[in-house]
There are 4 protein chains.
Amino acid sequence: MVRTLEVALIGQAFMGRAHSNAWRQATKFFDLPLEPGLHTVCGRDAAALAAFATRHGWRRRTTRWQDVAAEPEIDLVDVSTPNHLHRDMSLAMLAAGKHVACEKPLAGTLADAREMRDAAKSAKGRTFVWFNYRRAPAIGLAWQMMRAGRVGRVFHVRASYLQSWGGPATPLVWRFQKKHAGSGAHGDLNAHIVDLARFLVGEEIVEVHGAVERTFVKERAIPGTRRKGRSDVDDSVQFLASFKGGATASFEATRLAGGHLNDNTIEINGERGSLRWNLESLNELWLYDAAQGPREDGWRRIVATRAGEHPYAEAWWPDGHIVGYEHTFTNQAADTLRALGRKQPLYPLPDFADAYETQRVLEAALVAARERCAVKLSEVR
Amino acid sequence: MVRTLEVALIGQAFMGRAHSNAWRQATKFFDLPLEPGLHTVCGRDAAALAAFATRHGWRRRTTRWQDVAAEPEIDLVDVSTPNHLHRDMSLAMLAAGKHVACEKPLAGTLADAREMRDAAKSAKGRTFVWFNYRRAPAIGLAWQMMRAGRVGRVFHVRASYLQSWGGPATPLVWRFQKKHAGSGAHGDLNAHIVDLARFLVGEEIVEVHGAVERTFVKERAIPGTRRKGRSDVDDSVQFLASFKGGATASFEATRLAGGHLNDNTIEINGERGSLRWNLESLNELWLYDAAQGPREDGWRRIVATRAGEHPYAEAWWPDGHIVGYEHTFTNQAADTLRALGRKQPLYPLPDFADAYETQRVLEAALVAARERCAVKLSEVR
Amino acid sequence: MVRTLEVALIGQAFMGRAHSNAWRQATKFFDLPLEPGLHTVCGRDAAALAAFATRHGWRRRTTRWQDVAAEPEIDLVDVSTPNHLHRDMSLAMLAAGKHVACEKPLAGTLADAREMRDAAKSAKGRTFVWFNYRRAPAIGLAWQMMRAGRVGRVFHVRASYLQSWGGPATPLVWRFQKKHAGSGAHGDLNAHIVDLARFLVGEEIVEVHGAVERTFVKERAIPGTRRKGRSDVDDSVQFLASFKGGATASFEATRLAGGHLNDNTIEINGERGSLRWNLESLNELWLYDAAQGPREDGWRRIVATRAGEHPYAEAWWPDGHIVGYEHTFTNQAADTLRALGRKQPLYPLPDFADAYETQRVLEAALVAARERCAVKLSEVR
Amino acid sequence: MVRTLEVALIGQAFMGRAHSNAWRQATKFFDLPLEPGLHTVCGRDAAALAAFATRHGWRRRTTRWQDVAAEPEIDLVDVSTPNHLHRDMSLAMLAAGKHVACEKPLAGTLADAREMRDAAKSAKGRTFVWFNYRRAPAIGLAWQMMRAGRVGRVFHVRASYLQSWGGPATPLVWRFQKKHAGSGAHGDLNAHIVDLARFLVGEEIVEVHGAVERTFVKERAIPGTRRKGRSDVDDSVQFLASFKGGATASFEATRLAGGHLNDNTIEINGERGSLRWNLESLNELWLYDAAQGPREDGWRRIVATRAGEHPYAEAWWPDGHIVGYEHTFTNQAADTLRALGRKQPLYPLPDFADAYETQRVLEAALVAARERCAVKLSEVR
């Protein structure tokens with residue numbers, strides 16, 4: 001008999017929807033040691049919440065997140081709220097002895113993230129962070145290949161997360177206001193690729209060599225009015241860094257890369273080979289294997305959908321029948337249930353300590369961008 | 001009757017071969033106001049030079065470049081030697097009243113480059129620099145589209161030149177020794193993409209925001225011996241910069257990107273559209289046109305081979321019958337002959353003053369890399 | 001209050017799993033006039049069936065499909081069994097007044113298909129066929145563009161469905177035995193692309209111009225034994241055809257195209273433009289628009305994921321967050337529920353009459369292949 | 001001392017230009033046992049011919065091709081005229097004891113081609129046919145891989161040559177008139193891909209299984225008038241065939257495939273692997289190697305530009321510095337000079353006997369198209 005893990009979800013927006021689906025679908029496709037119970041959903045808009053709960057199958061609902069902490073039946077709390085709320089909610093849930101699965105980035109500020117990491121250390125519950133792109137099957141395959149030495153000594157990491165929805169015509173939604181969003185593209189997008197880079201390389205970043213942050217569109221229309229308001233988050237942040245072993249890395253997050261809808265790309269070059277992945281073709285891993293020699297070497301497209309060979313593939317559909325964005329969450333939900341049911345996840349899940357390291361890198365990039373230790377061309381003649 | 005422009009070439013290596021072909025082929029395919037005469041070729045290895053001259057049709061040859069300066073019949077000198085020789089040769093040729101077409105980068109040091117620029121200002125002869133990738137038809141089309149406002153206000157430039165021949169197994173050829181090569185990937189590869197970025201954007205770079213330089217392979221086998229010697233040039237240089245108008249740019253040159261043979265890629269994102277080009281598919285320009293609206297927008301592959309529509313296309317082959325690497329030189333030779341024959345090149349040719357600006361950017365990147373104004377992760381907790 | 005449509009599913013294999021998911025997920029993501037009730041699942045293996053029913057949420061189960069016909073509560077029967085069983089089950093369910101949603105191809109033989117079509121004509125219930133690839137958002141967009149005249153007069157259709165799992169090492173599973181499978185690649189794969197071609201072009205095929213059928217691997221290992229048995233279905237069928245308006249079409253289905261896992265590709269060329277789609281990148285539609293003129297025309301990649309612009313997109317995830325194979329079924333379930341709830345599906349759903357036309361084309365191809373009206377090269381000298 | 005082979009060229013249009021370049025360039029890049037002398041060019045338009053001869057370096061010129069046959073100094077005649085003239089010219093040149101290098105297809109009719117083949121058998125001179133795409137380096141590599149068993153038993157060949165310049169707006173140039181062109185897309189484009197398929201597979205085609213020929217645009221504007229005239233060549237021909245060893249093949253030639261400028265694609269699937277090549281990316285060969293196993297297999301992009309590894313590469317430019325369309329001719333000229341200088345070409349050159357076999361296949365396809373052994377859908381109910 002499979003035991004139930006009672007779950008509460010805080011948040012009913014896009015992420016709430018993705019997470020609800022993940023919890024619901026996980027047991028339909030995976031054989032797991034625990035079955036998630038959709039115990040309670042929590043959100044501020046009571047009317048919307050009722051519809052959301054009905055649609056997604058949550059048994060109870062509340063508009064006060066403190067109720068979740070107080071409810072002894074709940075085992076795990078899924079924090080899917082805006083970043084600046086992660087700290088308070090997570091600390092309360094950990095204090096109440098619950099497991100916490102928190103959306104990325106870990107927190108709105110490094111100080112918050114540090115507190116969360118520290119709280120997790122001494123907590124009874126376990127912590128998880130929804131860096132869901134680790135759970136794309138092709139990324140899992142890449143991780144396995146890295147561990148097997150297929151890339152060898154790493155020289156370069158090239159990671160970018162390009163989107164194009166933040167042009168001047170886009171109104172002043174909450175994502176463009178620092179008080180709500182904490183940061184712009186940086187926290188939203190660079191968080192993902194810094195996590196992927198750290199995860200795949202298997203080393204920590206030790207230095208940031210320079211950064212540039214831009215808010216190209218400084219005023220945006222306030223929805224429902226004729227006025228404009230100030231957009232005070234970054235539209236883009238690019239930075240250079242290096243890993244402990246000496247590999248250099250470039251990171252770029254932007255919402256102003258016309259033509260790129262959701263283009264999260266990472267490439268790693270090493271002494272024995274290279275790997276490349278892109279979120280818009282998330283089932284595919286490109287491998288370059290130097291051992292094939294100059295006559296036959298070249299980039300190879302692996303469609304990571306084969307049961308028994310590629311991570312998660314046997315849970316889903318036959319060879320070449322691709323999965324989509326939402327499956328990265330479902331795979332993570334499944335691995336979270338495995339981890340809590342004393343089984344191994346297919347490969348490492350990020351916890352608060354891990355996500356804190358990503359947050360430090362993001363912070364270091366901002367420091368580099370703001371301290372402006374740049375070289376002006378006017379000085380070089 | 002078409003007048004002859006007598007040309008001398010200094011250098012008989014790979015570049016000498018490419019330039020010989022360009023001068024020879026230009027009049028076979030273009031109607032030009034001047035016909036190049038293959039007057040003299042100059043090189044140090046007399047035996048090899050004789051064979052080279054015969055094969056490529058140079059009428060005379062010499063092992064002393066000073067002879068070229070002294071020969072009054074010669075109108076233009078093509079300097080295709082290693083970088084550290086560019087200065088002396090170019091200054092002498094300009095002093096002798098000749099036009100100079102110099103290989104890129106302009107010089108081995110910024111000081112040399114400055115002298116060359118200054119000499120060019122007051123010289124009778126005109127100067128040209130072989131930034132040949134400007135002459136790929138698809139780059140010409142991109143330049144025209146930029147000028148026509150198809151990209152609009154520029155937000156980002158993303159340029160990288162990735163090669164993979166510089167691994168630990170590669171011996172200590174001259175390109176890995178600073179005294180011969182001046183620099184490694186930086187001068188060789190970043191020079192090209194900085195030129196392309198400046199050319200396409202049509203603005204100068206005003207600031208470098210950080211850089212990282214690496215020599216991953218510090219010792220290499222000395223050819224013909226069992227010993228190893230020191231490789232003292234960079235294997236890779238990455239840097240972040242910004243243009244006068246505020247656009248941010250990332251540049252990367254490396255010889256350690258396994259799987260990339262000759263992958264010179266540039267992408268520009270702007271308010272109205274985006275452009276992308278890659279040297280290994282040099283006939284193709286990818287365009288993203290935001291005006292097509294969210295229902296139909298997307299990256300579009302233009303094969304820039306159509307006579308009457310795309311630069312240089314009518315000189316070559318029918319639609320879709322692609323040209324290769326060598327044609328970028330031939331196109332440049334043709335435009336150089338146009339310029340000297342009082343006609344307009346199809347679009348701007350780089351001269352010493354222009355190439356000096358590229359050299360300043362390269363220098364600023366090195367300053368940024370070496371001043372190490374980086375942020376250590378150990379400082380961010 | 002949303003009314004419930006009680007559904008019964010016959011079949012618990014791969015398709016049973018895909019359909020269960022579709023019925024379950026449809027109401028989680030779409031606002032529909034009817035909610036599907038997962039009333040009964042029917043399968044022959046009672047033990048497996050119990051687990052299947054529990055996992056996927058079917059309330060009741062039976063090993064006798066006749067029970068389904070006899071159960072008055074059931075409104076719609078989803079027939080997901082091997083092809084040769086479609087006829088008997090569908091006829092019984094229609095006779096019992098139920099709606100039928102049948103897997104493709106419609107039947108194991110043309111005669112069966114004809115009976116099913118005839119029965120559907122006079123039935124009270126409505127019929128549907130799971131040609132699910134019509135429901136890929138990018139195919140929906142292609143259909144809309146065709147109807148809007150973006151392609152104009154059609155010249156060519158090029159459709160192929162290439163897989164690679166049927167090599168000599170693959171054992172004699174039921175799919176290689178005619179008595180179970182009816183046909184090989186032809187019924188399985190060509191059925192899909194003939195449907196797509198008819199659907200997109202919006203005309204019927206009037207002639208088959210030649211065909212070639214091959215069984216390359218004639219003997220296969222019998223699983224669990226050391227013996228071999230006869231594989232008597234086609235490994236590949238290719239044929240040429242033409243549409244009523246004169247367009248020519250080529251179709252190819254094969255299980256022996258090494259490197260192609262699930263490569264269902266269709267391209268249409270017309271006077272005003274072209275369209276291209278591939279199942280392994282099912283979110284993408286490639287458009288060529290001749291109106292852009294020779295200077296700027298080229299294939300354009302549209303990622304059909306934008307809410308309010310592309311079919312089904314608003315039900316799923318944000319721009320560029322791709323969906324996968326399973327979503328084509330969910331989209332079809334949603335449209336089936338719309339159709340039965342007196343709403344319009346987003347675009348036409350195939351019924352038995354429609355699927356019968358596809359079956360006629362498949363039959364004509366076999367006639368052409370077997371009548372061997374070919375030209376031997378020995379006759380041409 | 002290298003001996004000279006005196007060459008005469010008949011034809012001064014597009015092909016005359018490509019061939020002139022090939023003869024001229026071959027000795028600049030290859031070390032060859034014979035040096036071509038550009039002896040005589042022959043064309044009907046005397047004024048144009050003078051300019052052509054000057055530009056391309058032909059020493060003499062004539063408007064009477066019979067002069068070429070009569071000139072004893074000439075060793076090889078390059079026949080680059082419209083197809084219907086190939087026979088008379090080639091027979092006369094062979095009778096005069098000369099080597100003949102004839103443009104493809106071999107002749108305007110099968111009867112002409114047969115006569116040419118027969119004449120070649122007993123002639124003193126050798127024959128060559130300009131199936132130049134065999135000389136793309138990536139095709140040479142594919143041929144070597146086929147011979148080395150990398151593909152194994154062949155199951156399928158998929159070849160298409162798609163262009164898009166023949167729409168209703170295109171005027172009635174000679175290529176649309178049977179009396180001048182012999183055929184339309186079929187002779188022009190299918191000739192190339194039938195040759196490539198035969199060459200790569202290394203077997204003859206034994207049967208054509210069906211074909212469809214279309215003239216979609218039956219009337220076209222007569223240039224310089226307001227009238228329209230009849231276009232009586234095919235716009236497209238598609239056919240299915242099989243090789244001696246049982247492999248099936250599909251061929252398609254069309255001038256009405258919007259978006260495809262010069263898209264000559266061939267793919268071969270076999271038991272051990274697959275190969276794919278495209279003319280618009282002619283430096284690239286895609287390889288699928290089944291031996292890599294299901295965990296890592298996939299299509300691999302090989303850029304066939306590496307000296308010492310890939311055919312012709314050492315003659316040209318460094319790794320990844322691509323060559324273009326014209327180089328296929330230059331490579332063929334070089335191999336022709338090798339063959340005549342008692343050296344081995346890198347791999348087989350087509351002669352008249354070989355090209356006759358291609359012509360038989362083209363003829364068989366026309367027979368199949370015209371005998372209309374098709375199946376009407378009205379017969380299948």
# chains A, B, ... in the order shown; residues from 1 in each chain; ligands from 1
>>> select_by_dssp(residues="region 203-377 of chain A", states="helix (DSSP H, G or I)", output="NGL selection string")
:A and (279-281 or 290-296 or 313-315 or 325-340 or 352-371 or 377)
>>> residues_around(residues="region 94-106 of chain C", least_positions_apart="6", cutoff="7 Å", atoms="only C-alpha atoms", output="JSON, numbers by chain")
{"C": [69, 75, 76, 77, 78, 79, 80, 83, 113, 123, 124, 125, 126, 127, 128, 129, 130, 131, 187, 191, 355, 356]}
>>> select_by_dssp(residues="region 65-292 of chain A", states="strand (DSSP E)", output="ChimeraX atom specification")
/A:76-79,99-102,127-129,154-162,205-214,219-221,228-230,236-243,248-254,263-270,273-278,284-289
>>> closest_atom_pairs(of="chain A", to="chain D", cutoff="7 Å", atoms="only C-alpha atoms", output="CSV")
residue,atom,partner,partner_atom,distance
A:Pro294,CA,D:Glu309,CA,6.9
A:Arg295,CA,D:Glu309,CA,5.2
A:Glu296,CA,D:Ile302,CA,6.1
A:Asp297,CA,D:Ile302,CA,6.1
A:Gly298,CA,D:Ile302,CA,4.8
A:Trp299,CA,D:Arg300,CA,5.3
A:Arg300,CA,D:Arg300,CA,3.9
A:Arg301,CA,D:Gly298,CA,5.0
A:Ile302,CA,D:Gly298,CA,4.8
A:Glu309,CA,D:Arg295,CA,5.2
A:His310,CA,D:Arg295,CA,6.7
>>> residues_around(residues="Gly57 (chain A)", least_positions_apart="2", cutoff="10 Å", atoms="only C-alpha atoms", output="JSON, numbers by chain")
{"A": [20, 21, 24, 37, 38, 39, 40, 41, 51, 52, 53, 54, 55, 59, 60], "C": [28]}
>>> write_last_selection(atoms="all heavy atoms", output="compact mmCIF listing (two decimals), in the first residue's frame")
# COMPACT_ATOMS: atom_id res chain seq x y z
N SER A 20 0.49 22.17 -9.72
CA SER A 20 -0.69 21.31 -9.52
C SER A 20 -0.66 20.16 -10.49
O SER A 20 -0.89 19.00 -10.14
CB SER A 20 -1.98 22.11 -9.76
OG SER A 20 -2.13 23.12 -8.80
N ASN A 21 -0.40 20.48 -11.73
CA ASN A 21 -0.35 19.45 -12.76
C ASN A 21 0.73 18.41 -12.45
O ASN A 21 0.54 17.20 -12.61
CB ASN A 21 -0.05 20.10 -14.12
CG ASN A 21 -0.16 19.12 -15.26
OD1 ASN A 21 -1.23 18.58 -15.53
ND2 ASN A 21 0.95 18.87 -15.93
N ARG A 24 -0.33 16.09 -9.65
CA ARG A 24 -1.44 15.23 -10.09
C ARG A 24 -0.95 14.16 -11.06
O ARG A 24 -1.37 13.02 -11.00
CB ARG A 24 -2.46 16.12 -10.79
CG ARG A 24 -3.86 15.64 -10.78
CD ARG A 24 -4.76 16.72 -11.32
NE ARG A 24 -4.32 17.13 -12.64
CZ ARG A 24 -4.20 18.40 -13.03
NH1 ARG A 24 -4.49 19.40 -12.23
NH2 ARG A 24 -3.79 18.67 -14.25
N GLY A 37 -1.09 13.72 -1.82
CA GLY A 37 -2.47 14.11 -1.60
C GLY A 37 -2.60 15.59 -1.85
O GLY A 37 -1.80 16.38 -1.34
N LEU A 38 -3.59 16.01 -2.65
CA LEU A 38 -3.75 17.44 -2.92
C LEU A 38 -4.61 18.03 -1.80
O LEU A 38 -5.81 18.22 -1.94
CB LEU A 38 -4.35 17.64 -4.31
CG LEU A 38 -3.30 17.64 -5.46
CD1 LEU A 38 -2.55 16.32 -5.56
CD2 LEU A 38 -3.93 17.99 -6.79
N HIS A 39 -3.95 18.32 -0.71
CA HIS A 39 -4.65 18.65 0.53
C HIS A 39 -5.23 20.06 0.50
O HIS A 39 -6.45 20.24 0.63
CB HIS A 39 -3.66 18.51 1.70
CG HIS A 39 -4.29 18.60 3.04
ND1 HIS A 39 -4.72 19.78 3.59
CD2 HIS A 39 -4.57 17.63 3.96
CE1 HIS A 39 -5.24 19.56 4.78
NE2 HIS A 39 -5.16 18.24 5.03
N THR A 40 -4.41 21.05 0.31
CA THR A 40 -4.86 22.45 0.44
C THR A 40 -4.16 23.32 -0.58
O THR A 40 -2.96 23.17 -0.83
CB THR A 40 -4.51 22.99 1.84
OG1 THR A 40 -5.23 22.24 2.81
CG2 THR A 40 -4.84 24.48 1.97
N VAL A 41 -4.91 24.24 -1.14
CA VAL A 41 -4.31 25.28 -1.96
C VAL A 41 -4.56 26.62 -1.30
O VAL A 41 -5.65 26.84 -0.74
CB VAL A 41 -4.83 25.24 -3.42
CG1 VAL A 41 -6.32 25.54 -3.49
CG2 VAL A 41 -4.04 26.23 -4.29
N ALA A 51 -12.33 28.35 -7.92
CA ALA A 51 -12.32 27.74 -9.26
C ALA A 51 -11.05 26.94 -9.47
O ALA A 51 -11.07 25.82 -10.02
CB ALA A 51 -12.44 28.83 -10.33
N PHE A 52 -9.94 27.50 -9.01
CA PHE A 52 -8.66 26.84 -9.18
C PHE A 52 -8.65 25.49 -8.43
O PHE A 52 -8.22 24.46 -8.96
CB PHE A 52 -7.54 27.75 -8.64
CG PHE A 52 -6.16 27.23 -8.88
CD1 PHE A 52 -5.42 27.65 -9.98
CD2 PHE A 52 -5.57 26.32 -8.00
CE1 PHE A 52 -4.12 27.17 -10.20
CE2 PHE A 52 -4.28 25.84 -8.21
CZ PHE A 52 -3.56 26.26 -9.32
N ALA A 53 -9.13 25.52 -7.21
CA ALA A 53 -9.14 24.30 -6.40
C ALA A 53 -10.00 23.21 -7.05
O ALA A 53 -9.61 22.05 -7.13
CB ALA A 53 -9.64 24.61 -5.00
N THR A 54 -11.16 23.62 -7.53
CA THR A 54 -12.05 22.66 -8.19
C THR A 54 -11.39 22.07 -9.42
O THR A 54 -11.34 20.86 -9.62
CB THR A 54 -13.36 23.36 -8.61
OG1 THR A 54 -13.93 23.94 -7.44
CG2 THR A 54 -14.31 22.37 -9.26
N ARG A 55 -10.86 22.93 -10.25
CA ARG A 55 -10.27 22.47 -11.50
C ARG A 55 -9.12 21.52 -11.27
O ARG A 55 -9.01 20.50 -11.94
CB ARG A 55 -9.81 23.68 -12.31
CG ARG A 55 -8.95 23.31 -13.49
CD ARG A 55 -8.75 24.46 -14.46
NE ARG A 55 -10.02 24.88 -15.03
CZ ARG A 55 -10.19 25.24 -16.30
NH1 ARG A 55 -9.15 25.24 -17.13
NH2 ARG A 55 -11.35 25.63 -16.75
N ARG A 59 -8.34 19.56 -2.29
CA ARG A 59 -9.49 19.25 -1.43
C ARG A 59 -9.94 20.45 -0.61
O ARG A 59 -11.13 20.67 -0.38
CB ARG A 59 -9.15 18.09 -0.49
CG ARG A 59 -8.72 16.83 -1.22
CD ARG A 59 -8.82 15.59 -0.34
NE ARG A 59 -8.09 15.67 0.91
CZ ARG A 59 -6.81 15.33 1.09
NH1 ARG A 59 -6.10 14.90 0.05
NH2 ARG A 59 -6.24 15.43 2.26
N ARG A 60 -8.98 21.20 -0.09
CA ARG A 60 -9.32 22.36 0.73
C ARG A 60 -8.65 23.60 0.18
O ARG A 60 -7.74 23.52 -0.63
CB ARG A 60 -8.83 22.18 2.17
CG ARG A 60 -9.38 20.98 2.86
CD ARG A 60 -9.08 21.10 4.34
NE ARG A 60 -9.04 19.80 4.97
CZ ARG A 60 -8.48 19.54 6.13
NH1 ARG A 60 -7.87 20.53 6.80
NH2 ARG A 60 -8.49 18.33 6.64
N LYS C 28 -8.84 19.94 -17.08
CA LYS C 28 -7.92 20.70 -16.24
C LYS C 28 -7.41 21.94 -16.96
O LYS C 28 -6.94 22.89 -16.32
CB LYS C 28 -6.70 19.83 -15.85
CG LYS C 28 -7.03 18.52 -15.19
CD LYS C 28 -7.85 18.69 -13.93
CE LYS C 28 -8.11 17.36 -13.26
NZ LYS C 28 -9.19 17.46 -12.28
>>> closest_residue(among="C:His156, C:Arg17, C:Arg198, C:His56", to="Gln359 (chain C)", atoms="only C-alpha atoms")
C:Arg198
>>> residues_around(residues="Arg272 (chain D)", least_positions_apart="4", cutoff="12 Å", atoms="only C-alpha atoms", output="MDAnalysis selection string")
(chainID C and resid 164 167:169 256:259) or (chainID D and resid 145:146 148:155 268 287:293 297)
>>> closest_atom_pairs(of="region 201-257 of chain B", to="region 204-210 of chain A", cutoff="7 Å", atoms="only C-alpha atoms", output="JSON lines")
{"residue": "B:His209", "atom": "CA", "partner": "A:Gly210", "partner_atom": "CA", "distance": 5.5}
{"residue": "B:Gly210", "atom": "CA", "partner": "A:Gly210", "partner_atom": "CA", "distance": 3.8}
{"residue": "B:Ala211", "atom": "CA", "partner": "A:His209", "partner_atom": "CA", "distance": 6.0}
{"residue": "B:Val212", "atom": "CA", "partner": "A:His209", "partner_atom": "CA", "distance": 6.3}
>>> residues_around(residues="Gly245 (chain C)", least_positions_apart="2", cutoff="8 Å", atoms="only C-alpha atoms", output="mmCIF file with N, CA, C and O atoms, in the first residue's frame")
data_model
loop_
_atom_site.group_PDB
_atom_site.id
_atom_site.type_symbol
_atom_site.label_atom_id
_atom_site.label_comp_id
_atom_site.auth_asym_id
_atom_site.auth_seq_id
_atom_site.Cartn_x
_atom_site.Cartn_y
_atom_site.Cartn_z
ATOM 1 N N VAL C 154 -2.150 24.827 -54.801
ATOM 2 C CA VAL C 154 -1.153 23.873 -54.328
ATOM 3 C C VAL C 154 -0.517 23.140 -55.505
ATOM 4 O O VAL C 154 -1.219 22.642 -56.393
ATOM 5 N N GLU C 203 -8.720 19.003 -50.097
ATOM 6 C CA GLU C 203 -9.241 18.349 -51.306
ATOM 7 C C GLU C 203 -9.052 16.848 -51.141
ATOM 8 O O GLU C 203 -8.258 16.396 -50.334
ATOM 9 N N PHE C 243 -3.993 15.181 -56.126
ATOM 10 C CA PHE C 243 -5.223 15.740 -55.579
ATOM 11 C C PHE C 243 -6.126 16.204 -56.720
ATOM 12 O O PHE C 243 -5.674 16.405 -57.846
ATOM 13 N N ALA C 247 -2.564 19.008 -57.713
ATOM 14 C CA ALA C 247 -1.317 18.926 -56.942
ATOM 15 C C ALA C 247 -0.836 17.482 -56.884
ATOM 16 O O ALA C 247 -1.643 16.565 -56.763
#
>>> residues_around(residues="region 192-195 of chain D", least_positions_apart="5", cutoff="7 Å", atoms="only C-alpha atoms", output="ChimeraX atom specification")
/D:131,159-160,358
>>> residues_around(residues="Asn264 (chain A)", least_positions_apart="6", cutoff="10 Å", atoms="only C-alpha atoms", output="JSON, numbers by chain")
{"A": [133, 159, 160, 161, 162, 163, 189, 190, 192, 193, 252, 253, 277, 278, 279, 280, 281, 282]}
>>> atom_distance(atom1="CA of Ile322 (chain C)", atom2="CA of Glu35 (chain C)")
25.4 Å
>>> decode(residues="region 85-96 of chain B", atoms="N, CA and C atoms", output="mmCIF file, in the first residue's frame")
data_model
loop_
_atom_site.group_PDB
_atom_site.id
_atom_site.type_symbol
_atom_site.label_atom_id
_atom_site.label_comp_id
_atom_site.auth_asym_id
_atom_site.auth_seq_id
_atom_site.Cartn_x
_atom_site.Cartn_y
_atom_site.Cartn_z
ATOM 1 N N LEU B 85 54.810 42.420 -38.175
ATOM 2 C CA LEU B 85 55.512 43.050 -39.305
ATOM 3 C C LEU B 85 54.668 44.101 -40.026
ATOM 4 N N HIS B 86 53.391 44.165 -39.692
ATOM 5 C CA HIS B 86 52.497 45.070 -40.429
ATOM 6 C C HIS B 86 52.975 46.519 -40.382
ATOM 7 N N ARG B 87 53.415 46.923 -39.198
ATOM 8 C CA ARG B 87 53.749 48.340 -39.021
ATOM 9 C C ARG B 87 54.881 48.784 -39.936
ATOM 10 N N ASP B 88 56.012 48.120 -39.824
ATOM 11 C CA ASP B 88 57.174 48.555 -40.594
ATOM 12 C C ASP B 88 56.886 48.553 -42.087
ATOM 13 N N MET B 89 56.292 47.492 -42.520
ATOM 14 C CA MET B 89 56.020 47.389 -43.959
ATOM 15 C C MET B 89 55.030 48.445 -44.418
ATOM 16 N N SER B 90 53.942 48.589 -43.669
ATOM 17 C CA SER B 90 52.918 49.543 -44.092
ATOM 18 C C SER B 90 53.458 50.964 -44.099
ATOM 19 N N LEU B 91 54.224 51.323 -43.056
ATOM 20 C CA LEU B 91 54.761 52.688 -43.001
ATOM 21 C C LEU B 91 55.683 52.942 -44.191
ATOM 22 N N ALA B 92 56.509 51.940 -44.502
ATOM 23 C CA ALA B 92 57.435 52.120 -45.629
ATOM 24 C C ALA B 92 56.684 52.274 -46.946
ATOM 25 N N MET B 93 55.666 51.487 -47.102
ATOM 26 C CA MET B 93 54.930 51.536 -48.366
ATOM 27 C C MET B 93 54.158 52.853 -48.495
ATOM 28 N N LEU B 94 53.572 53.290 -47.395
ATOM 29 C CA LEU B 94 52.869 54.576 -47.435
ATOM 30 C C LEU B 94 53.868 55.693 -47.723
ATOM 31 N N ALA B 95 55.036 55.598 -47.091
ATOM 32 C CA ALA B 95 56.064 56.618 -47.329
ATOM 33 C C ALA B 95 56.486 56.645 -48.797
ATOM 34 N N ALA B 96 56.421 55.465 -49.418
ATOM 35 C CA ALA B 96 56.792 55.382 -50.833
ATOM 36 C C ALA B 96 55.623 55.747 -51.751
#
